[in-house]
>>> print(open('coords.cif').read())   # mmCIF, N, CA and C atoms
data_upload
loop_
_atom_site.label_atom_id
_atom_site.label_comp_id
_atom_site.auth_asym_id
_atom_site.auth_seq_id
_atom_site.Cartn_x
_atom_site.Cartn_y
_atom_site.Cartn_z
N MET A 81 0.85 -1.18 0.00
CA MET A 81 0.00 0.00 0.00
C MET A 81 0.90 1.24 0.00
N ILE A 82 0.42 2.25 -0.69
CA ILE A 82 1.15 3.52 -0.76
C ILE A 82 0.15 4.66 -0.62
N GLN A 83 0.55 5.67 0.13
CA GLN A 83 -0.31 6.84 0.34
C GLN A 83 0.27 8.01 -0.44
N TYR A 84 -0.59 8.68 -1.20
CA TYR A 84 -0.18 9.87 -1.93
C TYR A 84 -0.97 11.07 -1.46
N SER A 85 -0.30 12.20 -1.37
CA SER A 85 -0.97 13.47 -1.18
C SER A 85 -1.32 13.95 -2.58
N LEU A 86 -2.57 14.31 -2.78
CA LEU A 86 -3.04 14.70 -4.10
C LEU A 86 -3.61 16.10 -4.07
N LYS A 87 -3.64 16.74 -5.24
CA LYS A 87 -4.17 18.10 -5.36
C LYS A 87 -4.91 18.19 -6.68
N CYS A 88 -6.12 18.78 -6.64
CA CYS A 88 -6.89 18.91 -7.88
C CYS A 88 -6.64 20.28 -8.50
N ALA A 89 -7.19 20.49 -9.69
CA ALA A 89 -7.00 21.74 -10.42
C ALA A 89 -7.62 22.93 -9.67
N GLU A 90 -8.58 22.67 -8.77
CA GLU A 90 -9.21 23.73 -7.98
C GLU A 90 -8.42 24.05 -6.72
N GLY A 91 -7.32 23.31 -6.46
CA GLY A 91 -6.48 23.58 -5.31
C GLY A 91 -6.82 22.78 -4.07
N HIS A 92 -7.81 21.88 -4.14
CA HIS A 92 -8.15 21.05 -2.98
C HIS A 92 -7.08 19.99 -2.78
N GLN A 93 -6.63 19.83 -1.54
CA GLN A 93 -5.62 18.81 -1.24
C GLN A 93 -6.25 17.71 -0.41
N PHE A 94 -5.88 16.46 -0.70
CA PHE A 94 -6.40 15.31 0.03
C PHE A 94 -5.42 14.16 -0.12
N ASP A 95 -5.53 13.18 0.75
CA ASP A 95 -4.68 12.00 0.70
C ASP A 95 -5.50 10.80 0.25
N SER A 96 -4.84 9.86 -0.39
CA SER A 96 -5.51 8.63 -0.80
C SER A 96 -4.50 7.49 -0.81
N TRP A 97 -5.01 6.30 -0.49
CA TRP A 97 -4.17 5.10 -0.49
C TRP A 97 -4.38 4.31 -1.77
N PHE A 98 -3.30 3.71 -2.26
CA PHE A 98 -3.35 2.89 -3.47
C PHE A 98 -2.60 1.59 -3.21
N GLN A 99 -2.96 0.55 -3.93
CA GLN A 99 -2.34 -0.75 -3.76
C GLN A 99 -0.85 -0.68 -4.07
N SER A 100 -0.49 0.11 -5.08
CA SER A 100 0.91 0.26 -5.47
C SER A 100 1.03 1.51 -6.33
N ALA A 101 2.27 1.90 -6.64
CA ALA A 101 2.49 3.05 -7.52
C ALA A 101 1.92 2.76 -8.90
N SER A 102 2.07 1.53 -9.37
CA SER A 102 1.53 1.20 -10.70
C SER A 102 0.00 1.18 -10.69
N ALA A 103 -0.60 0.78 -9.57
CA ALA A 103 -2.06 0.82 -9.47
C ALA A 103 -2.55 2.26 -9.55
N TYR A 104 -1.84 3.19 -8.90
CA TYR A 104 -2.18 4.61 -9.01
C TYR A 104 -2.11 5.06 -10.46
N ASP A 105 -1.00 4.69 -11.14
CA ASP A 105 -0.82 5.10 -12.54
C ASP A 105 -1.96 4.58 -13.42
N LYS A 106 -2.37 3.32 -13.23
CA LYS A 106 -3.45 2.74 -14.02
C LYS A 106 -4.78 3.44 -13.74
N LEU A 107 -5.08 3.67 -12.47
CA LEU A 107 -6.33 4.36 -12.11
C LEU A 107 -6.34 5.78 -12.65
N MET A 108 -5.21 6.44 -12.57
CA MET A 108 -5.10 7.82 -13.06
C MET A 108 -5.31 7.85 -14.57
N ALA A 109 -4.68 6.93 -15.29
CA ALA A 109 -4.81 6.89 -16.74
C ALA A 109 -6.24 6.59 -17.17
N ALA A 110 -6.97 5.83 -16.36
CA ALA A 110 -8.35 5.48 -16.69
C ALA A 110 -9.34 6.56 -16.23
N GLY A 111 -8.84 7.61 -15.55
CA GLY A 111 -9.71 8.70 -15.10
C GLY A 111 -10.50 8.36 -13.85
N HIS A 112 -10.00 7.39 -13.06
CA HIS A 112 -10.72 6.97 -11.85
C HIS A 112 -10.24 7.64 -10.58
N VAL A 113 -9.29 8.54 -10.67
CA VAL A 113 -8.84 9.28 -9.50
C VAL A 113 -9.49 10.65 -9.56
N ALA A 114 -10.28 10.99 -8.52
CA ALA A 114 -11.01 12.25 -8.53
C ALA A 114 -10.86 12.94 -7.19
N CYS A 115 -11.03 14.25 -7.20
CA CYS A 115 -10.94 15.06 -5.99
C CYS A 115 -12.03 14.64 -5.00
N ALA A 116 -11.65 14.48 -3.76
CA ALA A 116 -12.59 14.08 -2.71
C ALA A 116 -13.54 15.21 -2.35
N VAL A 117 -13.24 16.43 -2.74
CA VAL A 117 -14.09 17.57 -2.40
C VAL A 117 -15.01 17.97 -3.54
N CYS A 118 -14.44 18.19 -4.73
CA CYS A 118 -15.25 18.72 -5.84
C CYS A 118 -15.52 17.70 -6.95
N GLY A 119 -14.85 16.56 -6.90
CA GLY A 119 -15.07 15.52 -7.90
C GLY A 119 -14.28 15.69 -9.19
N SER A 120 -13.45 16.71 -9.28
CA SER A 120 -12.66 16.94 -10.49
C SER A 120 -11.71 15.77 -10.73
N SER A 121 -11.57 15.37 -11.98
CA SER A 121 -10.63 14.30 -12.31
C SER A 121 -9.27 14.86 -12.73
N GLN A 122 -9.13 16.18 -12.67
CA GLN A 122 -7.83 16.80 -12.96
C GLN A 122 -7.04 16.83 -11.66
N VAL A 123 -6.41 15.70 -11.35
CA VAL A 123 -5.71 15.50 -10.09
C VAL A 123 -4.25 15.19 -10.37
N GLU A 124 -3.38 15.69 -9.51
CA GLU A 124 -1.97 15.36 -9.63
C GLU A 124 -1.39 15.16 -8.24
N LYS A 125 -0.24 14.49 -8.19
CA LYS A 125 0.42 14.28 -6.91
C LYS A 125 0.91 15.62 -6.38
N ALA A 126 0.75 15.81 -5.09
CA ALA A 126 1.24 17.03 -4.43
C ALA A 126 2.58 16.72 -3.77
N LEU A 127 3.29 17.75 -3.39
CA LEU A 127 4.56 17.59 -2.72
C LEU A 127 4.33 16.88 -1.38
N MET A 128 5.12 15.85 -1.11
CA MET A 128 4.96 15.08 0.11
C MET A 128 6.28 15.01 0.85
N ALA A 129 6.18 14.98 2.17
CA ALA A 129 7.37 14.76 2.99
C ALA A 129 7.53 13.25 3.15
N PRO A 130 8.74 12.73 2.96
CA PRO A 130 8.92 11.28 3.10
C PRO A 130 8.78 10.85 4.56
N ARG A 131 8.33 9.64 4.74
CA ARG A 131 8.25 9.08 6.09
C ARG A 131 9.47 8.19 6.29
N VAL A 132 10.20 8.47 7.35
CA VAL A 132 11.39 7.69 7.65
C VAL A 132 11.21 7.11 9.04
N ASN A 133 11.24 5.79 9.13
CA ASN A 133 11.09 5.14 10.43
C ASN A 133 12.47 4.84 10.99
N THR A 134 12.68 5.20 12.23
CA THR A 134 13.91 4.87 12.92
C THR A 134 13.55 4.17 14.21
N ALA A 135 14.51 3.49 14.80
CA ALA A 135 14.25 2.76 16.04
C ALA A 135 13.87 3.73 17.16
N GLU A 136 14.38 4.95 17.10
CA GLU A 136 14.13 5.92 18.16
C GLU A 136 12.86 6.73 17.92
N ALA A 137 12.30 6.63 16.75
CA ALA A 137 11.13 7.44 16.44
C ALA A 137 9.92 6.95 17.23
N LYS A 138 9.19 7.91 17.78
CA LYS A 138 7.97 7.59 18.50
C LYS A 138 6.84 7.53 17.48
N PRO A 139 5.87 6.66 17.71
CA PRO A 139 4.76 6.63 16.77
C PRO A 139 4.04 7.97 16.74
N ALA A 140 3.68 8.37 15.54
CA ALA A 140 2.99 9.65 15.39
C ALA A 140 1.63 9.59 16.07
N LYS A 141 1.30 10.66 16.77
CA LYS A 141 0.00 10.74 17.43
C LYS A 141 -1.03 11.03 16.34
N PRO A 142 -2.05 10.19 16.23
CA PRO A 142 -3.03 10.43 15.17
C PRO A 142 -3.77 11.74 15.38
N GLU A 143 -3.98 12.43 14.28
CA GLU A 143 -4.70 13.69 14.37
C GLU A 143 -6.18 13.39 14.57
N PRO A 144 -6.85 14.18 15.41
CA PRO A 144 -8.27 13.93 15.62
C PRO A 144 -9.06 14.25 14.35
N LEU A 145 -10.15 13.53 14.15
CA LEU A 145 -11.01 13.82 13.02
C LEU A 145 -11.63 15.18 13.23
N THR A 146 -11.75 15.93 12.18
CA THR A 146 -12.30 17.27 12.29
C THR A 146 -13.61 17.37 11.52
N ALA A 147 -14.31 18.42 11.77
CA ALA A 147 -15.54 18.68 11.03
C ALA A 147 -15.17 19.01 9.58
N PRO A 148 -16.06 18.74 8.65
CA PRO A 148 -15.77 19.06 7.25
C PRO A 148 -15.41 20.54 7.10
N ALA A 149 -14.34 20.81 6.36
CA ALA A 149 -13.85 22.18 6.23
C ALA A 149 -14.40 22.88 5.00
N HIS A 150 -14.55 22.17 3.93
CA HIS A 150 -14.99 22.77 2.67
C HIS A 150 -16.51 22.90 2.66
N PRO A 151 -17.05 23.96 2.07
CA PRO A 151 -18.52 24.11 2.04
C PRO A 151 -19.25 22.91 1.43
N ALA A 152 -18.65 22.26 0.44
CA ALA A 152 -19.28 21.08 -0.15
C ALA A 152 -19.35 19.95 0.87
N GLU A 153 -18.27 19.76 1.62
CA GLU A 153 -18.26 18.73 2.66
C GLU A 153 -19.28 19.05 3.74
N GLN A 154 -19.40 20.32 4.10
CA GLN A 154 -20.36 20.73 5.12
C GLN A 154 -21.79 20.49 4.63
N ALA A 155 -22.06 20.78 3.37
CA ALA A 155 -23.40 20.56 2.81
C ALA A 155 -23.73 19.07 2.81
N LEU A 156 -22.77 18.23 2.43
CA LEU A 156 -23.01 16.78 2.44
C LEU A 156 -23.25 16.27 3.86
N ALA A 157 -22.51 16.81 4.83
CA ALA A 157 -22.70 16.41 6.22
C ALA A 157 -24.10 16.80 6.71
N ARG A 158 -24.55 18.01 6.33
CA ARG A 158 -25.90 18.45 6.72
C ARG A 158 -26.97 17.57 6.06
N LEU A 159 -26.77 17.25 4.78
CA LEU A 159 -27.72 16.40 4.07
C LEU A 159 -27.80 15.03 4.73
N ARG A 160 -26.66 14.45 5.03
CA ARG A 160 -26.63 13.14 5.67
C ARG A 160 -27.35 13.17 7.01
N ALA A 161 -27.07 14.18 7.82
CA ALA A 161 -27.72 14.30 9.13
C ALA A 161 -29.23 14.43 8.98
N HIS A 162 -29.67 15.22 7.99
CA HIS A 162 -31.10 15.40 7.75
C HIS A 162 -31.76 14.09 7.33
N VAL A 163 -31.14 13.38 6.41
CA VAL A 163 -31.69 12.11 5.93
C VAL A 163 -31.78 11.11 7.09
N GLU A 164 -30.71 11.00 7.86
CA GLU A 164 -30.69 10.03 8.96
C GLU A 164 -31.70 10.39 10.05
N ALA A 165 -31.92 11.68 10.29
CA ALA A 165 -32.84 12.10 11.34
C ALA A 165 -34.31 12.04 10.92
N ASN A 166 -34.58 12.14 9.62
CA ASN A 166 -35.97 12.29 9.17
C ASN A 166 -36.48 11.14 8.31
N SER A 167 -35.77 10.03 8.26
CA SER A 167 -36.24 8.90 7.47
C SER A 167 -35.76 7.61 8.12
N ASP A 168 -36.38 6.52 7.70
CA ASP A 168 -36.04 5.20 8.23
C ASP A 168 -35.03 4.52 7.33
N TYR A 169 -33.98 4.00 7.93
CA TYR A 169 -32.99 3.23 7.18
C TYR A 169 -33.50 1.80 7.07
N VAL A 170 -33.72 1.33 5.84
CA VAL A 170 -34.25 -0.02 5.63
C VAL A 170 -33.20 -0.96 5.04
N GLY A 171 -31.98 -0.48 4.89
CA GLY A 171 -30.88 -1.32 4.42
C GLY A 171 -31.15 -1.99 3.09
N GLY A 172 -30.89 -3.29 3.04
CA GLY A 172 -31.07 -4.07 1.81
C GLY A 172 -32.53 -4.31 1.45
N ASN A 173 -33.45 -3.92 2.32
CA ASN A 173 -34.88 -4.07 2.04
C ASN A 173 -35.45 -2.87 1.29
N PHE A 174 -34.59 -1.97 0.83
CA PHE A 174 -35.06 -0.74 0.21
C PHE A 174 -35.99 -0.99 -0.98
N VAL A 175 -35.61 -1.85 -1.88
CA VAL A 175 -36.40 -2.09 -3.09
C VAL A 175 -37.78 -2.63 -2.71
N ARG A 176 -37.80 -3.62 -1.82
CA ARG A 176 -39.07 -4.22 -1.40
C ARG A 176 -39.96 -3.17 -0.71
N GLU A 177 -39.38 -2.36 0.18
CA GLU A 177 -40.15 -1.35 0.91
C GLU A 177 -40.68 -0.27 -0.03
N ALA A 178 -39.84 0.21 -0.94
CA ALA A 178 -40.26 1.25 -1.88
C ALA A 178 -41.41 0.74 -2.76
N ARG A 179 -41.29 -0.47 -3.23
CA ARG A 179 -42.34 -1.04 -4.08
C ARG A 179 -43.64 -1.24 -3.28
N ALA A 180 -43.53 -1.73 -2.04
CA ALA A 180 -44.71 -1.95 -1.21
C ALA A 180 -45.43 -0.62 -0.91
N MET A 181 -44.69 0.43 -0.68
CA MET A 181 -45.31 1.75 -0.46
C MET A 181 -46.00 2.23 -1.72
N HIS A 182 -45.33 2.07 -2.85
CA HIS A 182 -45.90 2.51 -4.13
C HIS A 182 -47.21 1.77 -4.44
N LEU A 183 -47.29 0.49 -4.08
CA LEU A 183 -48.48 -0.31 -4.34
C LEU A 183 -49.55 -0.14 -3.25
N GLY A 184 -49.24 0.64 -2.21
CA GLY A 184 -50.21 0.87 -1.14
C GLY A 184 -50.31 -0.28 -0.15
N GLU A 185 -49.35 -1.18 -0.17
CA GLU A 185 -49.37 -2.33 0.74
C GLU A 185 -48.92 -1.95 2.15
N VAL A 186 -48.11 -0.90 2.26
CA VAL A 186 -47.67 -0.39 3.57
C VAL A 186 -47.80 1.13 3.53
N PRO A 187 -47.94 1.77 4.70
CA PRO A 187 -48.06 3.23 4.72
C PRO A 187 -46.80 3.90 4.17
N GLU A 188 -47.00 5.02 3.47
CA GLU A 188 -45.85 5.76 2.95
C GLU A 188 -45.11 6.45 4.08
N ARG A 189 -43.81 6.47 3.95
CA ARG A 189 -42.93 7.15 4.91
C ARG A 189 -41.60 7.38 4.21
N PRO A 190 -40.81 8.33 4.68
CA PRO A 190 -39.50 8.53 4.06
C PRO A 190 -38.56 7.39 4.45
N ILE A 191 -37.93 6.78 3.45
CA ILE A 191 -36.99 5.70 3.71
C ILE A 191 -35.71 5.93 2.91
N TRP A 192 -34.66 5.26 3.33
CA TRP A 192 -33.44 5.22 2.56
C TRP A 192 -32.77 3.89 2.85
N GLY A 193 -31.98 3.44 1.90
CA GLY A 193 -31.32 2.16 2.07
C GLY A 193 -30.41 1.87 0.91
N GLU A 194 -30.27 0.60 0.62
CA GLU A 194 -29.31 0.17 -0.39
C GLU A 194 -30.02 -0.61 -1.50
N ALA A 195 -29.59 -0.36 -2.73
CA ALA A 195 -30.11 -1.08 -3.89
C ALA A 195 -29.03 -1.12 -4.96
N ARG A 196 -29.01 -2.19 -5.70
CA ARG A 196 -28.09 -2.25 -6.84
C ARG A 196 -28.62 -1.30 -7.91
N SER A 197 -27.77 -0.88 -8.81
CA SER A 197 -28.19 0.08 -9.84
C SER A 197 -29.27 -0.50 -10.74
N ASP A 198 -29.21 -1.80 -11.05
CA ASP A 198 -30.25 -2.39 -11.90
C ASP A 198 -31.60 -2.43 -11.17
N GLU A 199 -31.57 -2.61 -9.84
CA GLU A 199 -32.81 -2.60 -9.07
C GLU A 199 -33.41 -1.19 -9.03
N ALA A 200 -32.55 -0.19 -8.84
CA ALA A 200 -33.03 1.20 -8.81
C ALA A 200 -33.60 1.59 -10.17
N LYS A 201 -32.96 1.16 -11.24
CA LYS A 201 -33.47 1.47 -12.59
C LYS A 201 -34.83 0.83 -12.79
N LYS A 202 -35.02 -0.39 -12.32
CA LYS A 202 -36.31 -1.07 -12.45
C LYS A 202 -37.39 -0.31 -11.68
N LEU A 203 -37.06 0.19 -10.48
CA LEU A 203 -38.03 0.99 -9.73
C LEU A 203 -38.43 2.22 -10.54
N LEU A 204 -37.45 2.91 -11.11
CA LEU A 204 -37.74 4.10 -11.92
C LEU A 204 -38.58 3.74 -13.14
N ASP A 205 -38.24 2.64 -13.81
CA ASP A 205 -39.00 2.19 -14.97
C ASP A 205 -40.46 1.90 -14.61
N ASP A 206 -40.68 1.45 -13.36
CA ASP A 206 -42.03 1.14 -12.90
C ASP A 206 -42.75 2.36 -12.32
N GLY A 207 -42.13 3.55 -12.44
CA GLY A 207 -42.77 4.78 -11.98
C GLY A 207 -42.64 5.04 -10.49
N ILE A 208 -41.71 4.35 -9.85
CA ILE A 208 -41.49 4.53 -8.42
C ILE A 208 -40.33 5.52 -8.25
N PRO A 209 -40.60 6.71 -7.68
CA PRO A 209 -39.55 7.73 -7.59
C PRO A 209 -38.49 7.38 -6.55
N VAL A 210 -37.26 7.27 -7.01
CA VAL A 210 -36.10 7.05 -6.14
C VAL A 210 -34.96 7.93 -6.64
N ALA A 211 -34.01 8.21 -5.76
CA ALA A 211 -32.84 9.00 -6.15
C ALA A 211 -31.64 8.51 -5.36
N PRO A 212 -30.46 8.50 -5.98
CA PRO A 212 -29.26 8.09 -5.24
C PRO A 212 -28.84 9.17 -4.25
N LEU A 213 -28.27 8.73 -3.16
CA LEU A 213 -27.73 9.66 -2.16
C LEU A 213 -26.23 9.78 -2.37
N PRO A 214 -25.66 10.96 -2.13
CA PRO A 214 -24.22 11.16 -2.38
C PRO A 214 -23.34 10.72 -1.22
N PHE A 215 -23.77 9.71 -0.48
CA PHE A 215 -22.96 9.19 0.62
C PHE A 215 -23.31 7.72 0.81
N THR A 216 -22.41 6.99 1.45
CA THR A 216 -22.68 5.58 1.73
C THR A 216 -23.26 5.46 3.14
N PRO A 217 -24.08 4.47 3.36
CA PRO A 217 -24.70 4.33 4.68
C PRO A 217 -23.69 3.97 5.75
N SER A 218 -23.95 4.45 6.97
CA SER A 218 -23.14 4.03 8.12
C SER A 218 -23.60 2.62 8.47
N ARG A 219 -22.84 1.95 9.24
CA ARG A 219 -23.24 0.61 9.66
C ARG A 219 -24.41 0.75 10.63
N LYS A 220 -25.56 0.32 10.20
CA LYS A 220 -26.76 0.34 11.02
C LYS A 220 -27.43 -1.00 10.90
N SER A 221 -28.22 -1.34 11.87
CA SER A 221 -29.01 -2.56 11.75
C SER A 221 -30.48 -2.19 11.85
N ASN A 222 -31.32 -3.02 11.25
CA ASN A 222 -32.76 -2.76 11.27
C ASN A 222 -33.35 -3.04 12.62
#
>>> encode(input="coords.cif", output="structure tokens")
Amino acid sequence: MIQYSLKCAEGHQFDSWFQSASAYDKLMAAGHVACAVCGSSQVEKALMAPRVNTAEAKPAKPEPLTAPAHPAEQALARLRAHVEANSDYVGGNFVREARAMHLGEVPERPIWGEARSDEAKKLLDDGIPVAPLPFTPSRKSN
């Protein structure tokens, strides 16, 4: 594994891990490396300080996680909090629950969960309104 500091054309800096230097090169060439803040695929390696381990070196104290700094990150955090506070997480039962509500088999309520892209497309084809969320679910149980 290798960690690179990256920078997009908009000036956003972020770190990412890759299986190897060649894996980074392949992903970059295929356009699969994107800015974690704005989504731009115009990304390049940023200047990095090398890590040198010595017997006398103390392990680095991990930096605490911070609140999202960029307005886009803050907006996503607010959206996630709103969705989690105002709807029911149904996990892998999302397709079944959405269809049952659409057919009037269960009362309508705001839900969110997980579905494969082909399942979501089928819901849309059947006139059932669904939309992808720009975040992955936290580990929750029903």
>>> residues_around(input="coords.cif", residues="segment 107-123 of chain A", least_positions_apart="4", cutoff="8 Å", atoms="only N, CA and C atoms", output="list in words")
Leu86, Lys87, Cys88, Ala89, Glu90, His92, Gln93, Phe94, Asp95, Ala101, Ser102, Ala103, His150, Ala152 and Glu153 of chain A
>>> atom_distance(input="coords.cif", atom1="atom CA of Asp168 of chain A", atom2="atom CA of Ala211 of chain A")
15.2 Å
>>> atom_distance(input="coords.cif", atom1="atom CA of Pro209 of chain A", atom2="atom CA of Pro151 of chain A")
28.3 Å
>>> resolve_selection(input="coords.cif", expression="the PyMOL selection byres ((chain A and resi 195) around 7)", output="list in words")
Gly171, Gly172, Phe174, Val175, Gly193, Glu194, Arg196, Ser197, Asp198, Glu199 and Ala200 of chain A
>>> axis_aligned_box(input="coords.cif", around="segment 85-97 of chain A", padding_each_side="3 Å", output="JSON")
{"center_x": -4.8, "center_y": 14.2, "center_z": -4.8, "size_x": 14.9, "size_y": 25.7, "size_z": 17.2}
>>> atom_distance(input="coords.cif", atom1="atom C of Lys125 of chain A", atom2="atom C of Asp105 of chain A")
13.4 Å
>>> closest_residue(input="coords.cif", among="A:Ala155, A:Ile191, A:Ala126, A:Leu213", to="Gln83 of chain A", atoms="only C-alpha atoms")
A:Ala126
